[in-house]
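Peer 1: Contents are CSV, C-alpha atoms; file name my_file.csv:
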```
chain,number,residue,atom,x,y,z
A,133,MET,CA,12.0,-21.2,-18.2
A,134,GLU,CA,8.5,-22.5,-18.7
A,135,TYR,CA,5.4,-20.7,-17.4
A,136,GLY,CA,3.5,-22.8,-14.9
A,137,LYS,CA,6.4,-25.1,-14.3
A,138,ASP,CA,9.4,-23.0,-13.3
A,139,TYR,CA,7.5,-19.8,-12.6
A,140,GLY,CA,4.0,-18.3,-12.4
A,141,LYS,CA,2.5,-14.8,-12.4
A,142,PRO,CA,3.8,-14.0,-8.8
A,143,GLU,CA,7.4,-14.7,-9.8
A,144,MET,CA,7.1,-12.8,-13.1
A,145,PHE,CA,5.5,-9.9,-11.3
A,146,ALA,CA,8.2,-9.8,-8.7
A,147,VAL,CA,11.0,-10.0,-11.2
A,148,ALA,CA,9.4,-7.1,-13.1
A,149,CYS,CA,9.6,-5.1,-9.9
A,150,ILE,CA,13.2,-6.2,-9.3
A,151,ARG,CA,14.2,-5.1,-12.8
A,152,GLU,CA,12.9,-1.6,-12.2
A,153,ILE,CA,15.4,-1.0,-9.4
A,154,GLN,CA,18.6,0.7,-10.5
A,155,GLU,CA,22.0,1.0,-8.7
A,156,GLY,CA,22.0,3.7,-6.1
A,157,ASP,CA,18.2,4.0,-5.8
A,158,ASN,CA,16.4,5.0,-2.7
A,159,VAL,CA,13.4,2.6,-2.8
A,160,PHE,CA,10.4,2.7,-0.5
A,161,HIS,CA,7.4,0.4,0.1
A,162,GLY,CA,4.8,0.9,2.8
A,163,LEU,CA,2.4,-1.2,4.8
A,164,ALA,CA,0.3,-4.0,3.2
A,165,SER,CA,2.9,-4.5,0.5
A,166,PRO,CA,4.1,-8.1,0.6
A,167,THR,CA,4.8,-8.3,-3.1
A,168,PRO,CA,7.2,-5.4,-3.3
A,169,MET,CA,8.7,-6.6,0.0
A,170,VAL,CA,9.7,-10.0,-1.4
A,171,ALA,CA,10.9,-8.4,-4.7
A,172,MET,CA,13.1,-5.8,-2.8
A,173,LYS,CA,14.5,-8.5,-0.6
A,174,ALA,CA,15.3,-10.6,-3.6
A,175,ALA,CA,16.9,-7.6,-5.3
A,176,LYS,CA,19.3,-7.4,-2.4
A,177,VAL,CA,20.2,-11.0,-2.8
A,178,LEU,CA,20.9,-10.3,-6.5
A,179,GLY,CA,23.5,-7.7,-5.4
A,180,LYS,CA,21.6,-4.6,-6.4
A,181,ASP,CA,23.0,-1.6,-4.5
A,182,PHE,CA,20.1,0.4,-3.3
A,183,ALA,CA,18.6,1.7,0.0
A,184,TYR,CA,15.6,-0.3,1.3
A,185,ILE,CA,13.3,2.1,3.1
A,186,THR,CA,10.1,0.9,4.6
A,187,LEU,CA,7.3,2.0,7.0
A,188,THR,CA,8.7,0.1,10.0
A,189,ASP,CA,11.2,3.0,10.0
A,190,GLY,CA,14.2,0.8,9.3
A,191,LEU,CA,16.8,1.2,6.7
A,192,ASP,CA,18.4,-1.8,5.0
A,193,HIS,CA,17.1,-4.4,7.5
A,194,ASP,CA,18.4,-8.0,7.5
A,195,TYR,CA,16.7,-9.1,4.3
A,196,LEU,CA,17.7,-12.8,4.7
A,197,ARG,CA,15.3,-13.3,7.7
A,198,PRO,CA,12.3,-14.9,6.0
A,199,PRO,CA,8.9,-13.3,6.5
A,200,TYR,CA,6.2,-15.5,8.0
A,201,VAL,CA,3.2,-13.3,7.4
A,202,ALA,CA,2.1,-11.0,4.5
A,203,SER,CA,2.2,-7.9,6.8
A,204,THR,CA,5.0,-5.5,6.1
A,205,LEU,CA,4.7,-3.8,9.4
A,206,THR,CA,6.3,-6.6,11.4
A,207,GLU,CA,9.8,-6.7,12.9
A,208,ASN,CA,10.8,-8.6,9.8
A,209,THR,CA,11.3,-5.4,7.9
A,210,TYR,CA,13.1,-3.7,10.8
A,211,THR,CA,15.4,-6.1,12.6
A,212,GLY,CA,19.0,-5.7,11.6
A,213,SER,CA,18.4,-2.2,10.2
A,214,VAL,CA,21.5,-0.1,9.8
A,215,ALA,CA,19.6,3.1,10.7
A,216,THR,CA,16.2,4.1,11.9
A,217,PHE,CA,14.2,7.1,11.3
A,218,GLY,CA,10.7,8.6,11.8
A,219,LEU,CA,7.8,8.4,9.5
A,220,ASP,CA,8.1,12.0,8.6
A,221,ASP,CA,11.6,11.5,7.4
A,222,ILE,CA,10.2,9.3,4.5
A,223,PHE,CA,8.1,12.2,3.3
A,224,ASP,CA,10.9,14.6,3.7
A,225,LEU,CA,13.2,12.4,1.7
A,226,PHE,CA,10.9,12.4,-1.3
A,227,ALA,CA,10.0,16.1,-0.8
A,228,ARG,CA,13.7,17.1,-1.1
A,229,GLY,CA,14.1,14.9,-4.2
A,230,GLN,CA,16.2,12.1,-2.8
A,231,GLY,CA,13.7,9.3,-3.1
A,232,ASP,CA,13.8,7.4,-6.4
A,233,ILE,CA,11.1,4.7,-6.4
A,234,ALA,CA,8.0,4.4,-4.3
A,235,PHE,CA,6.0,1.2,-4.6
A,236,LEU,CA,2.3,2.1,-4.2
A,237,SER,CA,-0.9,0.4,-5.0
A,238,CYS,CA,-4.6,1.3,-5.6
A,239,LEU,CA,-8.2,0.1,-5.7
A,240,GLN,CA,-8.6,1.5,-9.3
A,241,ILE,CA,-6.4,3.3,-11.8
A,242,ASP,CA,-7.1,4.9,-15.2
A,243,LYS,CA,-5.1,5.6,-18.3
A,244,THR,CA,-3.9,9.0,-16.9
A,245,GLY,CA,-2.6,7.4,-13.8
A,246,ARG,CA,-5.3,8.8,-11.5
A,247,ILE,CA,-5.5,6.4,-8.5
A,248,ALA,CA,-8.5,5.6,-6.3
A,249,MET,CA,-7.7,4.6,-2.8
A,250,SER,CA,-10.3,6.6,-0.8
A,251,VAL,CA,-13.8,5.9,-2.1
A,252,LEU,CA,-15.6,4.0,-4.9
A,253,GLY,CA,-19.1,4.7,-6.2
A,254,GLY,CA,-21.9,6.2,-4.1
A,255,THR,CA,-23.1,9.8,-4.3
A,256,ASP,CA,-20.2,11.7,-2.9
A,257,TYR,CA,-17.0,11.5,-0.7
A,258,ASP,CA,-19.1,11.1,2.5
A,259,HIS,CA,-21.5,8.6,1.0
A,260,PRO,CA,-19.4,6.1,-1.0
A,261,ALA,CA,-20.5,2.6,-2.0
A,262,LEU,CA,-17.1,1.5,-0.8
A,263,ARG,CA,-14.9,3.2,1.7
A,264,GLY,CA,-11.3,2.4,0.9
A,265,PRO,CA,-8.3,2.6,3.3
A,266,GLY,CA,-7.0,5.9,2.1
A,267,GLY,CA,-4.0,7.0,0.2
A,268,ALA,CA,-1.4,6.1,2.8
A,269,GLY,CA,0.7,9.1,1.9
A,270,SER,CA,0.5,8.6,-1.8
A,271,ALA,CA,-0.8,12.1,-2.5
A,272,SER,CA,2.3,13.5,-0.8
A,273,ILE,CA,4.9,11.1,-2.3
A,274,VAL,CA,3.7,10.7,-6.0
A,275,PRO,CA,4.2,14.4,-7.0
A,276,CYS,CA,7.8,14.3,-5.7
A,277,CYS,CA,8.8,10.8,-6.8
A,278,PRO,CA,10.8,10.4,-10.0
A,279,ARG,CA,9.6,6.9,-10.6
A,280,THR,CA,6.4,5.9,-8.9
A,281,ILE,CA,5.6,2.2,-9.4
A,282,ILE,CA,2.0,1.2,-9.0
A,283,TRP,CA,1.8,-2.5,-8.4
A,284,LYS,CA,-1.5,-4.2,-8.7
A,285,CYS,CA,-1.8,-8.0,-8.4
A,286,SER,CA,-5.0,-8.2,-10.4
A,287,HIS,CA,-5.6,-7.0,-14.0
A,288,ASP,CA,-9.3,-6.7,-15.0
A,289,THR,CA,-11.7,-4.0,-16.2
A,290,ARG,CA,-12.9,-3.3,-12.6
A,291,THR,CA,-9.5,-2.3,-11.6
A,292,MET,CA,-8.0,-0.8,-14.9
A,293,VAL,CA,-11.0,1.5,-15.4
A,294,LYS,CA,-11.8,4.1,-18.1
A,295,HIS,CA,-12.1,7.0,-15.5
A,296,VAL,CA,-11.4,7.1,-11.8
A,297,GLU,CA,-14.2,9.2,-10.3
A,298,PHE,CA,-12.5,10.3,-7.1
A,299,ALA,CA,-8.7,10.4,-7.4
A,300,THR,CA,-6.8,10.1,-4.2
A,301,THR,CA,-3.7,11.1,-6.1
A,302,SER,CA,-2.6,11.9,-9.7
A,303,PRO,CA,0.8,11.5,-11.3
A,304,ALA,CA,3.1,14.5,-11.8
A,305,LYS,CA,3.4,15.5,-15.4
A,306,ASP,CA,7.2,15.7,-15.3
A,307,LYS,CA,7.8,12.3,-13.7
A,308,TRP,CA,7.5,8.7,-14.5
A,309,MET,CA,4.7,6.5,-13.4
A,310,ILE,CA,5.0,2.8,-14.0
A,311,LEU,CA,2.1,0.4,-13.6
A,312,ILE,CA,3.0,-3.3,-13.1
A,313,THR,CA,0.2,-5.9,-13.4
A,314,PRO,CA,0.3,-9.7,-13.6
A,315,LEU,CA,0.1,-9.3,-17.4
A,316,CYS,CA,2.2,-6.4,-18.4
A,317,ILE,CA,3.9,-3.1,-17.7
A,318,PHE,CA,2.4,0.3,-18.6
A,319,ARG,CA,4.6,3.5,-18.5
A,320,LYS,CA,3.8,7.2,-18.4
A,321,ALA,CA,6.9,9.1,-19.3
A,322,PRO,CA,7.8,12.6,-18.1
A,323,GLY,CA,5.9,15.1,-20.3
A,324,GLU,CA,3.3,12.6,-21.2
A,325,THR,CA,-0.2,12.4,-19.7
A,326,GLU,CA,-1.2,8.8,-20.4
A,327,PHE,CA,0.0,5.3,-20.0
A,328,LYS,CA,1.4,3.5,-22.9
A,329,LEU,CA,1.7,-0.3,-23.0
A,330,ASP,CA,5.4,-0.9,-22.5
A,331,CYS,CA,5.7,-4.7,-22.6
A,332,ILE,CA,3.8,-7.9,-21.9
A,333,PHE,CA,4.8,-10.9,-20.0
A,334,PRO,CA,5.7,-14.2,-21.8
A,335,TYR,CA,2.4,-16.0,-21.0
A,336,THR,CA,0.0,-13.4,-22.3
A,337,THR,CA,-1.0,-11.5,-25.5
A,338,ILE,CA,-1.8,-7.9,-26.3
A,339,GLU,CA,-5.3,-9.2,-27.0
A,340,GLU,CA,-5.7,-10.5,-23.4
A,341,VAL,CA,-4.3,-7.3,-22.0
A,342,LYS,CA,-6.8,-5.3,-24.1
A,343,GLU,CA,-9.7,-7.5,-23.0
A,344,ASN,CA,-8.9,-6.9,-19.4
A,345,THR,CA,-8.3,-3.2,-19.6
A,346,ALA,CA,-11.2,-0.7,-19.7
A,347,TRP,CA,-9.1,2.1,-21.4
A,348,GLU,CA,-8.1,2.0,-25.0
A,349,ILE,CA,-4.7,0.6,-25.7
A,350,GLU,CA,-3.3,1.9,-29.0
A,351,GLU,CA,0.0,0.0,-29.1
A,352,THR,CA,-0.1,-2.9,-31.4
A,353,ASP,CA,3.4,-4.3,-31.2
A,354,VAL,CA,5.3,-4.3,-27.9
A,355,PRO,CA,8.2,-6.4,-26.6
A,356,VAL,CA,7.7,-9.5,-24.5
A,357,MET,CA,9.6,-9.3,-21.2
A,358,ASP,CA,12.2,-12.0,-20.7
A,359,PRO,CA,11.0,-14.7,-18.3
A,360,PRO,CA,12.6,-14.9,-14.9
A,361,THR,CA,16.2,-16.2,-14.9
A,362,GLU,CA,17.3,-19.1,-12.7
A,363,GLU,CA,19.2,-16.6,-10.6
A,364,GLU,CA,16.2,-14.4,-10.1
A,365,LEU,CA,14.0,-17.3,-9.1
A,366,ALA,CA,16.7,-18.6,-6.7
A,367,ALA,CA,16.8,-15.1,-5.1
A,368,LEU,CA,13.1,-15.1,-4.6
A,369,LYS,CA,13.1,-18.5,-3.0
A,370,LYS,CA,16.0,-17.6,-0.8
A,371,VAL,CA,14.3,-14.6,0.8
A,372,ASP,CA,10.8,-16.1,0.8
A,373,PRO,CA,10.8,-19.8,1.7
A,374,ASN,CA,7.3,-19.5,3.1
A,375,TYR,CA,6.0,-18.2,-0.2
A,376,ILE,CA,4.5,-14.9,1.0
A,377,LEU,CA,4.8,-13.8,-2.6
A,378,GLY,CA,1.8,-15.9,-3.6
A,379,TYR,CA,-0.5,-14.2,-1.0
A,380,GLU,CA,-1.9,-11.6,-3.3
A,381,PHE,CA,-2.4,-13.7,-6.5
B,770,MET,CA,7.0,9.5,32.6
B,771,LYS,CA,6.2,7.8,35.9
B,772,GLU,CA,3.0,9.8,36.4
B,773,LYS,CA,1.9,8.6,32.9
B,774,VAL,CA,1.8,5.0,33.9
B,775,MET,CA,-1.6,4.0,35.2
B,776,SER,CA,-4.1,1.1,35.1
B,777,LEU,CA,-6.4,0.5,32.2
B,778,ASP,CA,-9.4,1.6,34.3
B,779,GLN,CA,-7.6,4.8,35.3
B,780,ALA,CA,-6.8,5.5,31.6
B,781,LEU,CA,-10.4,4.7,30.5
B,782,ASN,CA,-11.7,7.2,33.1
B,783,LEU,CA,-9.7,10.0,31.6
B,784,VAL,CA,-11.8,9.9,28.4
B,785,GLN,CA,-14.7,12.3,28.1
B,786,ASP,CA,-17.4,12.9,25.4
B,787,GLY,CA,-16.1,14.4,22.2
B,788,MET,CA,-12.4,13.9,22.9
B,789,LEU,CA,-9.9,13.4,20.1
B,790,LEU,CA,-7.8,10.2,20.9
B,791,ALA,CA,-4.4,9.7,19.2
B,792,MET,CA,-4.2,6.0,18.7
B,793,GLY,CA,-0.9,4.2,18.8
B,794,GLY,CA,0.1,1.3,16.6
B,795,ASN,CA,-0.2,0.6,12.9
B,796,GLY,CA,-2.7,-1.6,11.2
B,797,MET,CA,-2.9,-4.8,13.3
B,798,HIS,CA,0.3,-4.1,15.2
B,799,ARG,CA,0.9,-2.5,18.7
B,800,ASN,CA,-2.7,-1.4,18.9
B,801,ALA,CA,-4.4,-0.3,22.2
B,802,THR,CA,-7.0,-2.9,21.6
B,803,LEU,CA,-7.9,-3.6,25.2
B,804,PHE,CA,-8.3,0.1,25.7
B,805,ALA,CA,-10.7,0.4,22.8
B,806,LEU,CA,-12.7,-2.6,24.0
B,807,GLY,CA,-12.8,-1.0,27.5
B,808,LEU,CA,-14.2,2.2,26.0
B,809,THR,CA,-17.0,0.3,24.4
B,810,LEU,CA,-18.3,-0.5,27.9
B,811,LYS,CA,-18.2,3.2,29.0
B,812,PRO,CA,-21.0,5.7,28.3
B,813,VAL,CA,-18.7,8.1,26.4
B,814,LYS,CA,-19.7,9.2,23.0
B,815,ASP,CA,-18.8,11.4,20.0
B,816,LEU,CA,-15.1,10.5,20.2
B,817,LYS,CA,-12.7,11.3,17.4
B,818,VAL,CA,-9.7,9.1,16.6
B,819,CYS,CA,-6.5,9.9,14.7
B,820,ALA,CA,-3.4,8.0,13.7
B,821,ALA,CA,-1.1,7.6,10.7
B,822,ALA,CA,-2.4,4.1,10.1
B,823,PRO,CA,-5.2,3.3,12.5
B,824,GLY,CA,-6.1,-0.4,12.7
B,825,ILE,CA,-8.0,-2.7,14.9
B,826,ALA,CA,-8.4,-0.4,18.0
B,827,ALA,CA,-9.8,2.5,16.0
B,828,ASP,CA,-11.9,0.1,14.0
B,829,ILE,CA,-13.6,-1.1,17.2
B,830,LEU,CA,-14.3,2.5,18.2
B,831,VAL,CA,-15.7,3.6,14.8
B,832,GLY,CA,-17.5,0.4,14.2
B,833,THR,CA,-19.3,0.4,17.5
B,834,GLY,CA,-20.4,4.0,17.1
B,835,LYS,CA,-18.2,5.3,19.9
B,836,ALA,CA,-16.2,7.5,17.5
B,837,ASP,CA,-17.8,9.6,14.8
B,838,ARG,CA,-14.7,10.8,13.0
B,839,ALA,CA,-11.4,9.5,12.1
B,840,TYR,CA,-8.3,11.3,10.8
B,841,PHE,CA,-5.9,9.0,9.1
B,842,GLY,CA,-3.5,8.3,6.3
B,843,PHE,CA,-4.4,4.6,5.9
B,844,PHE,CA,-7.2,3.0,7.8
B,845,GLY,CA,-7.0,-0.8,7.5
B,846,LEU,CA,-5.9,-4.1,8.9
B,847,GLU,CA,-3.3,-5.0,6.2
B,848,ASN,CA,-3.4,-7.9,3.9
B,849,GLU,CA,-4.3,-10.9,6.0
B,850,ALA,CA,-7.3,-9.2,7.7
B,851,GLY,CA,-8.1,-6.8,4.9
B,852,LEU,CA,-10.1,-3.7,4.8
B,853,ALA,CA,-11.3,-2.4,8.2
B,854,PRO,CA,-14.9,-3.8,8.6
B,855,GLY,CA,-16.0,-1.4,11.4
B,856,MET,CA,-14.7,1.6,9.6
B,857,ARG,CA,-16.4,0.6,6.3
B,858,LYS,CA,-19.7,-0.1,8.0
B,859,ALA,CA,-19.6,3.3,9.7
B,860,MET,CA,-18.3,5.4,6.7
B,861,GLN,CA,-19.9,4.1,3.6
B,862,GLY,CA,-23.4,3.9,2.2
B,863,ALA,CA,-26.4,6.3,2.4
B,864,ASN,CA,-26.4,6.8,6.2
B,865,PRO,CA,-22.9,6.8,7.5
B,866,THR,CA,-22.3,7.2,11.3
B,867,ALA,CA,-18.8,8.5,11.0
B,868,LYS,CA,-16.8,10.8,8.8
B,869,ALA,CA,-13.4,10.2,7.3
B,870,THR,CA,-10.7,12.9,7.1
B,871,GLU,CA,-7.8,11.7,5.1
B,872,GLY,CA,-4.4,13.2,5.5
B,873,SER,CA,-2.7,11.6,2.6
```
Take the structure in the file and write it out as structure tokens.

Peer 2:
Amino acid sequence: MEYGKDYGKPEMFAVACIREIQEGDNVFHGLASPTPMVAMKAAKVLGKDFAYITLTDGLDHDYLRPPYVASTLTENTYTGSVATFGLDDIFDLFARGQGDIAFLSCLQIDKTGRIAMSVLGGTDYDHPALRGPGGAGSASIVPCCPRTIIWKCSHDTRTMVKHVEFATTSPAKDKWMILITPLCIFRKAPGETEFKLDCIFPYTTIEEVKENTAWEIEETDVPVMDPPTEEELAALKKVDPNYILGYEF
Amino acid sequence: MKEKVMSLDQALNLVQDGMLLAMGGNGMHRNATLFALGLTLKPVKDLKVCAAAPGIAADILVGTGKADRAYFGFFGLENEAGLAPGMRKAMQGANPTAKATEGS
């Protein structure tokens, strides 16, 4: 596999998401989440046995129907569902400990996993420089979720900041938080309070990751994740012929 | 249910100053957009809006100054239309015209 020829950052990113999903997981993504959507559909093609839960309130929809837009609120993630439920059921699922993975995103994130989704800058919460869309339930789900995956399709010092001033949510100390970017994966293990660089992708270096991260990275030697396999790339293409995956990159 | 079915004008005439409106739909989907546009032509004021994921309809009401508070979990138009421009205009900067109450 050759970067730029057989795959690019979107494919590597999606494959990193797919590889996080384990057999038997209950996996959730919400609205405005085209990258996890494509990754989760492809994971189904690859035969991973997990429950696909999404904000259209459908469980295990017909993942082979290709999405035409980047919205994850369309019937594309609902039609063919084997069961339907109410929005409150998603929160109840995680609150009673039966959710496994939640794919969530952010405007900014810091080394402790504090996430900004509400406001950036300005003088206070009511007078921000930028009003964000809000947490979309992340403050309720993150404390209960065993493996929160923060997916962010850009990696720069404006996004990976030294300190998030107003945190919409913070990670639970006893749970995993995984941060996937186009360059690498960071992990905060249960019992730990900060991200550690876990691995980098084949086309980058630790130096490039450090240059684009505002917090200090102490790791000096981390593994390089294997590039996408032909099977993984074929699965992505099968569920996403309109290349919705490229939308956020 | 039958008595709930009415014309757009009849529905618009139910709205009074200061009312809290529960907005249907999510993001750009299944929004009461015509209803929101109709309200901009009415002399009502100080409205509040609430929804799990308010989108284009609530954005019209907040952005035009008809609503001065929104209760929400996620207020936006999803990827292709991006952040909600009316909401941002009304809720950020030194002199906001509307308040945000997040239920996240």

Peer 1: Counting only C-alpha atoms, which of A:Val170, A:Thr300, A:Glu380, A:Ala183 gets nearest to Asn208 (chain A)?

Peer 2: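 Of A:Val170, A:Thr300, A:Glu380, A:Ala183, the one nearest Asn208 (chain A), counting only C-alpha atoms, is A:Val170.
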
Peer 1: Kindly give the distance, in Å, that separates CA of Gly872 (chain B) and CA of Ser272 (chain A), rounded to a single decimal.

Peer 2: 9.2 Å

Peer 1: Pull out every residue of chain B that has at least one atom within 12 Å of chain A, counting all atoms listed in the file, and report them as a ChimeraX atom specification.

Peer 2: /B:794-799,820-824,828,838-873

Peer 1: Kindly provide, as JSON, numbers by chain, the polymer residues lying within 9 Å of (1.9, 4.2, -23.4), counting all atoms listed in the file and using the coordinates exactly as they appear in the file.

Peer 2: {"A": [243, 318, 319, 320, 321, 324, 326, 327, 328, 329, 330, 349, 350, 351]}

Peer 1: If I take CA of Val293 (chain A) and CA of Ala346 (chain A), how far is one from the other in Å, to one decimal?

Peer 2: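 CA of Val293 (chain A) sits 4.8 Å away from CA of Ala346 (chain A).
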
Peer 1: Quick check, in Å to one decimal: how far apart do CA of Ser237 (chain A) and CA of Met292 (chain A) lie?

Peer 2: 12.2 Å
